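S.K.: If you scroll down you'll find the structure; I have some questions about it.
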Amino acid sequence: MGRKARRRREKRRTTKVLVEAEVEVTEGLRPARERREKKKPTRPSRRPRYLRILTGTAAAAVVATILIVVSLAPWESDGEVTPSEFIIPPPRPADAPRQGTTLGNPDAPLTIVEYSDFQCPFCRKAGLEIMPQIEAEYVATGKAKLVWKQFPIEGEESVWAAEASECAAEQNAFWEYHDTLFLNRTGINVGTFVITNLKVIAKELDLDTEAFNACLDQGRYRDKVATDYAEARRREVTGTPTFFVGQTKVVGAKPYSAFKEAIDDELAKLGEAGEAE
Amino acid sequence: MGDFLKWGALAVLAIAGMGVAAYLTYSHYVDQPIMCAGMSGCDAVENSEYSTLLDIPVGLLGVLFCAGLLTLVLARVAPLPLAEEWALLAAFSMTLAGVAFAAYLTYIELFVVEDICIWCTSFAGIVTVAWLITLVDVLAPTTE
């Protein structure tokens, strides 16, 4: 066999391999439906197409309906909490300095402002677990004072609770009312902080209920709550709770160590500024 | 729309949706307010009673939804024999249910909680685009 003939044979073999490879690649890239049709060209659809679309739509509707029904069902609460269920916290020390929604020595060098909502779960955590530690270490020792500002973002019961707490502040009982609200929080807009219950809480705390009820019914602090809310928005507060430890913004119910660091830093700055003067 | 483009787009949307939903789930379980891109309302929405279904955060349902969609895409691209026939219809049904539920949640945001959560809205947008992709294909003329 001549060299030319051998080359031709090799070329034919190479071409065949390339063509086969090309076919394989093309097969791989071809849409699945085409390949299926090639393998089973006469396979009919088991159901008419419109029926399949209809079945899919119906299945989607069923799933979505179930989800919505479950979401709307009152799983969390079945209505108002009866007065006997309210937990009343132990009274705070009578000699602790306070004024309105401010706790601590008014001349304390550092001010910690909290924008909060009585219905927000993280605010509850901050109010019951973190703030007491700050109060013990910094407020009771006169290093800082705590100022509560209303930022009711969770709905109408948040607004009512905020107004009620201001009415309690009128009787110098804001912090007891604050503790009671957080202790009895059961959810968001579930009927716990409706007007009647807010009045019962005032009664349980031995407040002057006539004055308290009149204050709440008249909406005496509606503007004050709105002003706090607007102030929070102005200060670019977007969530609750948000704290301003001096000039340091602390967002969320952070661990106590985070607050301690911020407070110590701010106190150090104040100390340096005092020395400089 | 080509098969590659369609399933690729669905995969990208599923991954993006999973990221958004995972962040919402994380913020639900961790004491960390949601980053809200300068907008208010994320926490109001996330802390509302509508943010859970039987104590399961809606965000977690979103993660599971996207994981399901991604599984469908992978099954179809593999391709598994059953997925070749059913993946598109399943994706269409899933995303349609997703759109309906997202529409309901958006209604809750606007008219009940009265605040908009940019993360939730983004997720709703992702699901809607995914549904439209499947819808176009489902309605496209075929040789069947």
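Quick note on naming: the chains in the structure tokens go A, B, ... in the order shown, residues restart at 1 in each chain, and ligands are numbered from 1 in order of appearance.
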Find the residues near segment 90-106 of chain A: any atom within 8 Å, counting only C-alpha atoms, skip ones fewer than 4 places away on the same chain, and give them as a PyMOL selection string.

M.R.: chain A and resi 139-140+142+144-149+166+169-170+172+174-176

S.K.: Pick out the chain A residues within 6 Å of chain B. Count only C-alpha atoms. Give them as a list in words.

M.R.: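 So the contacting residues turn out to be Gly56, Thr57, Ala60, Ala64, Ser71, Ile153, Glu154, Ile188, Thr238, Gly239, Gly252 and Ala253 of chain A.
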
S.K.: Quick one: distance from atom CA of Glu236 of chain A to atom CA of Val250 of chain A in Å, one decimal?

M.R.: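 The value is 12.3 Å.
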
S.K.: One number please: atom CA of Cys66 of chain B to atom CA of Met18 of chain B, in Å, one decimal.

M.R.: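 Atom-to-atom, atom CA of Cys66 of chain B and atom CA of Met18 of chain B are spaced 5.4 Å apart.
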
S.K.: Per DSSP on the backbone, what are the strand (DSSP E) residues of chain B, as a ChimeraX atom specification?

M.R.: /B:52-53,56-57

S.K.: Could you pull the residues within 12 Å of Ala9 of chain B, counting only C-alpha atoms, minus those fewer than 3 positions along the same chain, as a list in words?

M.R.: Met1, Gly2, Asp3, Phe4, Leu5, Lys6, Val12, Leu13, Ala14, Ile15, Ala16, Leu69, Leu70, Val73, Ile126, Val127, Val129, Ala130, Trp131, Leu132, Ile133 and Thr134 of chain B

S.K.: Mind writing the picked residues with N, CA and C atoms as a CSV table (one decimal), in the first residue's frame?

M.R.:
```csv
chain,number,residue,atom,x,y,z
B,1,MET,N,-38.0,31.3,24.5
B,1,MET,CA,-36.7,31.4,25.3
B,1,MET,C,-36.0,30.1,25.3
B,2,GLY,N,-34.7,30.1,25.1
B,2,GLY,CA,-34.0,28.9,25.0
B,2,GLY,C,-34.0,28.1,26.3
B,3,ASP,N,-33.8,26.8,26.2
B,3,ASP,CA,-33.8,26.0,27.4
B,3,ASP,C,-32.7,26.4,28.4
B,4,PHE,N,-31.5,26.6,27.8
B,4,PHE,CA,-30.4,27.0,28.7
B,4,PHE,C,-30.6,28.3,29.4
B,5,LEU,N,-31.1,29.3,28.6
B,5,LEU,CA,-31.3,30.6,29.2
B,5,LEU,C,-32.4,30.6,30.3
B,6,LYS,N,-33.5,29.8,29.9
B,6,LYS,CA,-34.6,29.8,30.9
B,6,LYS,C,-34.3,29.1,32.2
B,12,VAL,N,-30.5,31.3,38.7
B,12,VAL,CA,-30.0,32.6,39.3
B,12,VAL,C,-31.0,33.2,40.2
B,13,LEU,N,-32.3,33.2,39.8
B,13,LEU,CA,-33.3,33.8,40.6
B,13,LEU,C,-33.5,33.0,41.9
B,14,ALA,N,-33.4,31.7,41.8
B,14,ALA,CA,-33.6,30.8,43.0
B,14,ALA,C,-32.5,31.1,44.0
B,15,ILE,N,-31.3,31.3,43.5
B,15,ILE,CA,-30.1,31.5,44.4
B,15,ILE,C,-30.2,32.9,45.0
B,16,ALA,N,-30.6,33.9,44.2
B,16,ALA,CA,-30.8,35.3,44.7
B,16,ALA,C,-31.9,35.3,45.8
B,69,LEU,N,-37.1,25.1,44.1
B,69,LEU,CA,-37.0,25.6,42.7
B,69,LEU,C,-35.6,25.2,42.2
B,70,LEU,N,-34.6,25.4,43.0
B,70,LEU,CA,-33.3,25.1,42.5
B,70,LEU,C,-33.1,23.6,42.2
B,73,VAL,N,-34.6,22.9,38.9
B,73,VAL,CA,-33.7,23.3,37.8
B,73,VAL,C,-32.6,22.2,37.6
B,126,ILE,N,-38.5,38.8,42.8
B,126,ILE,CA,-37.8,37.6,42.3
B,126,ILE,C,-38.8,36.5,41.9
B,127,VAL,N,-39.7,36.2,42.8
B,127,VAL,CA,-40.7,35.1,42.6
B,127,VAL,C,-41.5,35.5,41.4
B,129,VAL,N,-40.8,37.4,38.8
B,129,VAL,CA,-40.0,37.2,37.5
B,129,VAL,C,-39.9,35.7,37.2
B,130,ALA,N,-39.6,34.9,38.2
B,130,ALA,CA,-39.5,33.5,38.0
B,130,ALA,C,-40.8,32.9,37.4
B,131,TRP,N,-41.9,33.3,38.0
B,131,TRP,CA,-43.2,32.9,37.5
B,131,TRP,C,-43.4,33.3,36.0
B,132,LEU,N,-43.1,34.5,35.7
B,132,LEU,CA,-43.3,35.0,34.3
B,132,LEU,C,-42.5,34.2,33.3
B,133,ILE,N,-41.2,33.8,33.8
B,133,ILE,CA,-40.4,33.0,32.9
B,133,ILE,C,-41.1,31.7,32.6
B,134,THR,N,-41.6,31.1,33.6
B,134,THR,CA,-42.3,29.7,33.4
B,134,THR,C,-43.6,29.9,32.7
```

S.K.: For a test of reading the model, state the distance in Å between atom CA of Glu109 of chain B and atom CA of Ser122 of chain B, rounded to one decimal.

M.R.: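 Computing the Euclidean distance for atom CA of Glu109 of chain B and atom CA of Ser122 of chain B yields 13.1 Å.
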